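Here the structure comes first, spelled out in structure tokens, and everything after it is commentary.
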Amino acid sequence: MQVRCITTTPYEGQKPGTSGLRKRVKVFQQENYTQNFIQATLDAMSSPSAKEATLVVGGDGRYFSTEAIQLIIRIAAGNRVGKLIIGKNGILSTPAASNLIRKRKADGGILLTASHNPGGPDNDFGIKFNVSNGGPAPESVTNLIYENTKKCNEYYICDMPEIDLSKTRVHTIDGFTIEIVNSVEDYVQLLKEIFDFEQITQFFKNNPNFTILFDGLHGVTGPYAERIFVEELGLSRSSIQNCTPLPDFGGSHPDPNLTYAHNLVERVERENINFGAASDGDGDRNMIYGKNAFVTPSDSVAVIAAHAEVIPYFQKTGIKGLARSMPTSAAIDLVAKKKGLEVFEVPTGWKFFGNLMDAGRLSICGEESFGTGSDHIREKDGIWAIIAWLNIIAAVNEKKPGSGIKEILLEHYQTYGRNFFSRYDYEEVESESANKMVAHLRHLINASKNDFIGKSFGQFTVKEADDFEYKDPIDGSITKNQGIRIIFTDGSRIVIRLSGTGSHGATIRLYVEKYSQNASEYGADTQEALKPIIDVALQISKLQEFTGRDKPTVIT
Ligand code: G6P
Ligand code: ZN
């Protein structure tokens, strides 16, 4: 195969965010934009270099994926990559890709997804690089990719016929191997090793009235859900919906939260469905929703950690430690304390959990952004979290029949207290005003710190305030400016940060948390319980003054 060196011009702004490079499809379609980024990514592979490497390639099947995969094949050939392992039709959920990288001992993977962002010609596309542990590339690598994009003057490509992605087979061309694999098989095997599928199936048989609804939101998880829920666990086909992956996700927003998974929420409420769940475009996020019982992601990971002993995988490996991202509520910290386990607080971004897992210090972790997972792979895992809940429900019911989501949550609060938690998102705010608001907050906690600490806002008195900084306990790397934290004397907390995953403008995230050990409050409505502290957050941040927004775009 003839390698051609093509002259190109660097593009500005190809800096990977929290989770890879995410831009409008039209941006990726500009001349050489995608080619440059792929070349810059391959050039960032240090040890071993891209030459002769094995890479896993696949994604959520969104618009522009097939074009991007064909380009990756030809540019990989141009850079003398040894082997590509590609999901059939380019489909691999993010967790399935992470698993394949690990299982096949690949040197990394290129994931084509913009996660939960809408897809289609006028929406988003994304390219994300994962390293050999199966997890998102650490900042040292993404910074290198960015540096490479700034000086990308040429890329290498082979002229070759389009590869048929629709058939599982191995292509070998001039020593370059392309293996098209079943997208679902290895992942399903992994889950069957982790969970007690028999116990779950038995529970469904014993409780034929226990109803389930999984919503794939037309993302990548459809085929995985069909195989697992219908074929393996024996549920009826009516237990799953929106399970045909579509390049534009049917025109909707493939994000499993109360706003975007509203059809699931409505059906659960209307039809008295016992267990509702959804996953996002690329399959790494999840939402668990029971009738009158929305499980916040912060509670979800705490409940899974509290009951982990019933899951065969953790019976084998033991529970090494727990972790959460900084804005996530401290519910899991209380579980760690009770079980005598280490608990880590990392910046937002799944990549920060990887080092802890590789070092054998972390088993279960989660983020408020609907991410839950464990060290079985190095990505968060939507279907894993859903099956974890089902496994727990099945096990709990052996001792306490009739326990559903609500009963399990209530029992959790009775043991640990309740961490009320909510997040307000202000999407597509003008970047300048968002930055000004952050500057104002930094000023408060730095320059006027002495006045600010001890100051009272209604019932809340400021105890501590900082801009979160993380020192990785394994490699010592320091990550600064990860969000403003204001902690009050009663343990309540406000966090404000700018999202790192948006594709344009700025998204302000405001997180509030209040802890209660008063059993009469456990059944309270979250928004009502949090109203006083939300008002204080808006007052301190002057959010409305800076942005002109009088309400958030999304509340979770
Ligand atoms: C992605 C990342 C998560 C992160 C989330 C929100 O899903 O994988 O680790 O928590 O985005 O990030 P953001 O920077 O937008 O708050
Ligand atoms: Zn995702």
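For the structure tokens, the naming scheme is as follows: chains receive sequential letters (A, B, ...) according to their order of presentation, residues are indexed from 1 within each chain, and ligands are indexed from 1 in presentation order.
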Inset, instruction - Step one, run DSSP on the backbone; step two, keep only residues of stretch 337-370 of chain A assigned to strand (DSSP E or B); then write them as a ChimeraX atom specification. - result: /A:343-346,364-367
Write the residues of the preceding selection, restricted to N, CA and C atoms, as an mmCIF file, in the first residue's frame.
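Written output follows (again_9.cif):
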```cif
data_model
loop_
_atom_site.group_PDB
_atom_site.id
_atom_site.type_symbol
_atom_site.label_atom_id
_atom_site.label_comp_id
_atom_site.auth_asym_id
_atom_site.auth_seq_id
_atom_site.Cartn_x
_atom_site.Cartn_y
_atom_site.Cartn_z
ATOM 1 N N VAL A 343 -11.897 6.414 50.770
ATOM 2 C CA VAL A 343 -12.770 7.073 49.795
ATOM 3 C C VAL A 343 -12.023 8.260 49.203
ATOM 4 N N PHE A 344 -12.117 8.394 47.882
ATOM 5 C CA PHE A 344 -11.385 9.462 47.190
ATOM 6 C C PHE A 344 -12.346 10.470 46.583
ATOM 7 N N GLU A 345 -11.915 11.737 46.556
ATOM 8 C CA GLU A 345 -12.691 12.804 45.936
ATOM 9 C C GLU A 345 -11.842 13.371 44.802
ATOM 10 N N VAL A 346 -12.288 13.150 43.574
ATOM 11 C CA VAL A 346 -11.472 13.523 42.405
ATOM 12 C C VAL A 346 -12.186 14.621 41.613
ATOM 13 N N ILE A 364 -15.446 0.837 43.405
ATOM 14 C CA ILE A 364 -16.744 1.373 42.963
ATOM 15 C C ILE A 364 -16.716 2.892 43.039
ATOM 16 N N CYS A 365 -17.209 3.544 41.987
ATOM 17 C CA CYS A 365 -17.184 5.000 42.009
ATOM 18 C C CYS A 365 -18.316 5.568 41.170
ATOM 19 N N GLY A 366 -18.551 6.862 41.344
ATOM 20 C CA GLY A 366 -19.632 7.471 40.587
ATOM 21 C C GLY A 366 -19.536 8.979 40.562
ATOM 22 N N GLU A 367 -20.301 9.536 39.627
ATOM 23 C CA GLU A 367 -20.361 10.985 39.477
ATOM 24 C C GLU A 367 -21.815 11.408 39.447
#
```
Counting only C-alpha atoms and all ligand atoms, which residues of chain A fall within 10 Å of ligand 2, and what is the closest atom pair for each with its distance in Å at one decimal, ordered by chain and rising number, as a tab-separated table?
```
residue	atom	partner	partner_atom_place_in_ligand_line	distance
A:Ser19	CA	ligand 2	1 (Zn)	9.0
A:Asp60	CA	ligand 2	1 (Zn)	9.2
A:Ser93	CA	ligand 2	1 (Zn)	8.9
A:Thr94	CA	ligand 2	1 (Zn)	7.3
A:Pro95	CA	ligand 2	1 (Zn)	9.4
A:Thr113	CA	ligand 2	1 (Zn)	7.9
A:Ala114	CA	ligand 2	1 (Zn)	7.2
A:Ser115	CA	ligand 2	1 (Zn)	3.7
A:His116	CA	ligand 2	1 (Zn)	5.3
A:Asn117	CA	ligand 2	1 (Zn)	8.5
A:Gly219	CA	ligand 2	1 (Zn)	9.7
A:Val220	CA	ligand 2	1 (Zn)	10.0
A:Pro254	CA	ligand 2	1 (Zn)	8.9
A:Asp255	CA	ligand 2	1 (Zn)	8.0
A:Pro256	CA	ligand 2	1 (Zn)	9.5
A:Ser279	CA	ligand 2	1 (Zn)	8.2
A:Asp280	CA	ligand 2	1 (Zn)	5.5
A:Gly281	CA	ligand 2	1 (Zn)	6.0
A:Asp282	CA	ligand 2	1 (Zn)	4.8
A:Gly283	CA	ligand 2	1 (Zn)	5.7
A:Asp284	CA	ligand 2	1 (Zn)	4.6
A:Arg285	CA	ligand 2	1 (Zn)	5.3
A:Asn286	CA	ligand 2	1 (Zn)	8.9
A:Ser369	CA	ligand 2	1 (Zn)	9.7
A:Phe370	CA	ligand 2	1 (Zn)	9.1
A:Gly371	CA	ligand 2	1 (Zn)	8.3
A:Glu379	CA	ligand 2	1 (Zn)	9.5
A:Lys380	CA	ligand 2	1 (Zn)	8.4
A:Asp381	CA	ligand 2	1 (Zn)	8.8
A:Gly382	CA	ligand 2	1 (Zn)	8.6
```
Save the residues we just selected, C-alpha atoms, as a PDB file, in the first residue's frame?
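Once everything was written out, this is selection_7.pdb:
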```pdb
ATOM      1  CA  SER A  19     -14.165  13.726  27.241  1.00  0.00           C
ATOM      2  CA  ASP A  60     -22.347   5.300  19.218  1.00  0.00           C
ATOM      3  CA  SER A  93     -20.702   1.372  23.375  1.00  0.00           C
ATOM      4  CA  THR A  94     -18.065   3.231  25.373  1.00  0.00           C
ATOM      5  CA  PRO A  95     -18.012   0.501  28.076  1.00  0.00           C
ATOM      6  CA  THR A 113     -19.032   9.740  20.153  1.00  0.00           C
ATOM      7  CA  ALA A 114     -20.233  12.988  21.637  1.00  0.00           C
ATOM      8  CA  SER A 115     -21.882  10.970  24.394  1.00  0.00           C
ATOM      9  CA  HIS A 116     -25.258  12.463  25.343  1.00  0.00           C
ATOM     10  CA  ASN A 117     -25.069  15.459  22.983  1.00  0.00           C
ATOM     11  CA  GLY A 219     -28.488   5.453  21.435  1.00  0.00           C
ATOM     12  CA  VAL A 220     -25.947   2.677  21.160  1.00  0.00           C
ATOM     13  CA  PRO A 254     -29.874  11.050  24.333  1.00  0.00           C
ATOM     14  CA  ASP A 255     -29.256  11.971  27.948  1.00  0.00           C
ATOM     15  CA  PRO A 256     -30.782   9.877  30.748  1.00  0.00           C
ATOM     16  CA  SER A 279     -28.736   5.024  29.228  1.00  0.00           C
ATOM     17  CA  ASP A 280     -27.187   7.739  27.059  1.00  0.00           C
ATOM     18  CA  GLY A 281     -26.014   7.941  23.443  1.00  0.00           C
ATOM     19  CA  ASP A 282     -22.769   6.001  23.976  1.00  0.00           C
ATOM     20  CA  GLY A 283     -23.955   3.820  26.872  1.00  0.00           C
ATOM     21  CA  ASP A 284     -21.806   5.018  29.736  1.00  0.00           C
ATOM     22  CA  ARG A 285     -24.433   7.013  31.669  1.00  0.00           C
ATOM     23  CA  ASN A 286     -27.494   5.687  33.454  1.00  0.00           C
ATOM     24  CA  SER A 369     -23.544  13.428  36.090  1.00  0.00           C
ATOM     25  CA  PHE A 370     -25.266  10.027  35.874  1.00  0.00           C
ATOM     26  CA  GLY A 371     -22.021   8.066  35.761  1.00  0.00           C
ATOM     27  CA  GLU A 379     -15.161   3.860  31.812  1.00  0.00           C
ATOM     28  CA  LYS A 380     -18.425   4.416  33.569  1.00  0.00           C
ATOM     29  CA  ASP A 381     -20.989   1.853  32.537  1.00  0.00           C
ATOM     30  CA  GLY A 382     -24.724   2.478  32.155  1.00  0.00           C
TER      31      GLY A 382
END
```
Legend entry - A:Asn446, A:Asn391, A:Gln517, A:Ser431 ranked by distance to A:Ile194, top pick (using only C-alpha atoms):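 Nearest candidate to A:Ile194 out of A:Asn446, A:Asn391, A:Gln517, A:Ser431: A:Asn391.
For the set A:Leu264, A:Leu213, A:Ala137, A:Ala302, the residue with the smallest atom-to-atom gap to ligand 1 is A:Ala137, counting only C-alpha atoms and all ligand atoms.
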Inset, instruction - Name the closest residue to A:Leu191 among the candidates A:Trp384, A:Phe125, A:Phe28, A:Tyr63; distances are taken between atoms, counting only C-alpha atoms. - result: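 Of A:Trp384, A:Phe125, A:Phe28, A:Tyr63, the one nearest A:Leu191, counting only C-alpha atoms, is A:Trp384.
Of the residues listed (A:Asp490, A:Asp358, A:Glu266, A:Glu368), A:Glu368 shows the shortest atom-to-atom separation from ligand 1; distances use only C-alpha atoms and all ligand atoms.
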Legend entry - Spatial neighbours of A:Gly82, max dist 8 Å, only C-alpha atoms, sep filter under 2 positions, as a list in words: Lys51, Glu52, Ala53, Thr54, Ala77, Arg80, Leu84, Gly175, Phe176 and Thr177 of chain A
Inset, instruction - Counting only C-alpha atoms, figure out which residue out of A:Ser403, A:Asn123, A:Thr221, A:Asn207 gets nearest to A:His253. - result: A:Asn123
Can you list every residue of chain A that has an atom at most 6 Å from ligand 1, with its nearest atom pair and the distance in Å to one decimal, using only C-alpha atoms and all ligand atoms, ordered by chain then number, as a tab-separated table?
```
residue	atom	partner	partner_atom_place_in_ligand_line	distance
A:Thr18	CA	ligand 1	14 (O)	5.6
A:Ser19	CA	ligand 1	8 (O)	5.5
A:Thr348	CA	ligand 1	10 (O)	4.8
A:Gly349	CA	ligand 1	9 (O)	3.1
A:Trp350	CA	ligand 1	9 (O)	4.1
A:Glu367	CA	ligand 1	10 (O)	5.8
A:Ser369	CA	ligand 1	10 (O)	5.0
A:Ser499	CA	ligand 1	14 (O)	3.7
A:Gly500	CA	ligand 1	14 (O)	3.5
A:Thr501	CA	ligand 1	15 (O)	4.1
```
Inset, instruction - Write out as number ranges by chain the residues lying within 7 Å of A:Phe129, counting only C-alpha atoms and excluding same-chain residues fewer than 6 positions away. - result: A: 20, 109-111, 136-137
Inset, instruction - Go through A:Glu411, A:Val438, A:Leu356, A:Glu469 one by one, measure the shortest atom-to-atom distance of each to A:Met326 using only C-alpha atoms, and give the residue with the smallest value. - result: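 Under the stated criterion, the closest residue is A:Glu469.
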Inset, instruction - List every residue of stretch 291-490 of chain A that DSSP, applied to the backbone of this structure, assigns to alpha helix (DSSP H), and report them as a PyMOL selection string. - result: chain A and resi 297-306+312-317+331-339+351-358+382-399+405-416+431-445+449-452
Legend entry - Neighbour list for A:Tyr11 as an MDAnalysis selection string, cut-off 8 Å, only C-alpha atoms, skip fewer than 6 positions in-chain: chainID A and resid 33 36 149:150
Mind writing the picked residues with C-alpha atoms as an mmCIF file, in the first residue's frame?
```
data_model
loop_
_atom_site.group_PDB
_atom_site.id
_atom_site.type_symbol
_atom_site.label_atom_id
_atom_site.label_comp_id
_atom_site.auth_asym_id
_atom_site.auth_seq_id
_atom_site.Cartn_x
_atom_site.Cartn_y
_atom_site.Cartn_z
ATOM 1 C CA TYR A 33 -10.199 18.924 10.154
ATOM 2 C CA ASN A 36 -5.539 16.540 11.278
ATOM 3 C CA THR A 149 -2.826 19.793 16.369
ATOM 4 C CA LYS A 150 -1.262 23.251 16.583
#
```
Legend entry - For A:Leu233: contacts at 9 Å, only C-alpha atoms, fewer than 2 positions along chain excluded, given as a PyMOL selection string: chain A and resi 197-198+200-201+204+227-231+235
How would the residues just chosen look if you wrote them out with N, CA and C atoms as a PDB file, in the first residue's frame?
```pdb
ATOM      1  N   PHE A 197     -26.709 -13.573  37.118  1.00  0.00           N
ATOM      2  CA  PHE A 197     -27.835 -13.549  36.180  1.00  0.00           C
ATOM      3  C   PHE A 197     -28.920 -14.537  36.600  1.00  0.00           C
ATOM      4  N   GLU A 198     -28.488 -15.654  37.184  1.00  0.00           N
ATOM      5  CA  GLU A 198     -29.467 -16.670  37.586  1.00  0.00           C
ATOM      6  C   GLU A 198     -30.393 -16.137  38.685  1.00  0.00           C
ATOM      7  N   ILE A 200     -31.103 -13.061  39.292  1.00  0.00           N
ATOM      8  CA  ILE A 200     -31.981 -12.025  38.748  1.00  0.00           C
ATOM      9  C   ILE A 200     -33.144 -12.675  37.975  1.00  0.00           C
ATOM     10  N   THR A 201     -32.812 -13.659  37.148  1.00  0.00           N
ATOM     11  CA  THR A 201     -33.859 -14.345  36.358  1.00  0.00           C
ATOM     12  C   THR A 201     -34.881 -14.991  37.295  1.00  0.00           C
ATOM     13  N   PHE A 204     -37.256 -12.486  38.692  1.00  0.00           N
ATOM     14  CA  PHE A 204     -38.318 -12.119  37.740  1.00  0.00           C
ATOM     15  C   PHE A 204     -39.376 -13.219  37.665  1.00  0.00           C
ATOM     16  N   ARG A 227     -30.215  -7.894  23.895  1.00  0.00           N
ATOM     17  CA  ARG A 227     -29.546  -9.153  24.190  1.00  0.00           C
ATOM     18  C   ARG A 227     -29.639  -9.475  25.693  1.00  0.00           C
ATOM     19  N   ILE A 228     -29.376  -8.485  26.540  1.00  0.00           N
ATOM     20  CA  ILE A 228     -29.293  -8.761  27.981  1.00  0.00           C
ATOM     21  C   ILE A 228     -30.677  -8.895  28.614  1.00  0.00           C
ATOM     22  N   PHE A 229     -31.525  -7.900  28.407  1.00  0.00           N
ATOM     23  CA  PHE A 229     -32.821  -7.928  29.099  1.00  0.00           C
ATOM     24  C   PHE A 229     -33.758  -8.981  28.507  1.00  0.00           C
ATOM     25  N   VAL A 230     -33.781  -9.056  27.181  1.00  0.00           N
ATOM     26  CA  VAL A 230     -34.749  -9.964  26.554  1.00  0.00           C
ATOM     27  C   VAL A 230     -34.173 -11.382  26.456  1.00  0.00           C
ATOM     28  N   GLU A 231     -32.998 -11.514  25.819  1.00  0.00           N
ATOM     29  CA  GLU A 231     -32.489 -12.878  25.578  1.00  0.00           C
ATOM     30  C   GLU A 231     -31.901 -13.522  26.828  1.00  0.00           C
ATOM     31  N   LEU A 235     -36.852 -11.182  29.873  1.00  0.00           N
ATOM     32  CA  LEU A 235     -37.958 -10.215  29.979  1.00  0.00           C
ATOM     33  C   LEU A 235     -38.659 -10.079  28.626  1.00  0.00           C
TER      34      LEU A 235
END
```
Inset, instruction - Compile the contact shell of A:Ile180 as a list in words: residues with an atom at most 8 Å away, counting only C-alpha atoms, same-chain residues fewer than 4 positions apart removed. - result: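 Surrounding residues, per the criterion: Ile85, Ile86, Gly87, Lys88, Leu165, Lys167, Thr168, Arg169 and Val170 of chain A.
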Grab the residues selected above and save them as a PDB file, in the first residue's frame with C-alpha atoms.
```
ATOM      1  CA  ILE A  85     -10.367  -3.960  15.952  1.00  0.00           C
ATOM      2  CA  ILE A  86     -13.623  -2.338  14.844  1.00  0.00           C
ATOM      3  CA  GLY A  87     -17.166  -2.932  16.109  1.00  0.00           C
ATOM      4  CA  LYS A  88     -19.585  -4.181  13.435  1.00  0.00           C
ATOM      5  CA  LEU A 165     -18.065  -2.633   8.270  1.00  0.00           C
ATOM      6  CA  LYS A 167     -19.636  -8.139   8.228  1.00  0.00           C
ATOM      7  CA  THR A 168     -17.636  -9.632  11.080  1.00  0.00           C
ATOM      8  CA  ARG A 169     -14.428 -10.814   9.416  1.00  0.00           C
ATOM      9  CA  VAL A 170     -10.705 -10.156   9.282  1.00  0.00           C
TER      10      VAL A 170
END
```
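In this structure, atom CA of A:Ala68 sits 10.9 Å away from atom CA of A:Phe37.
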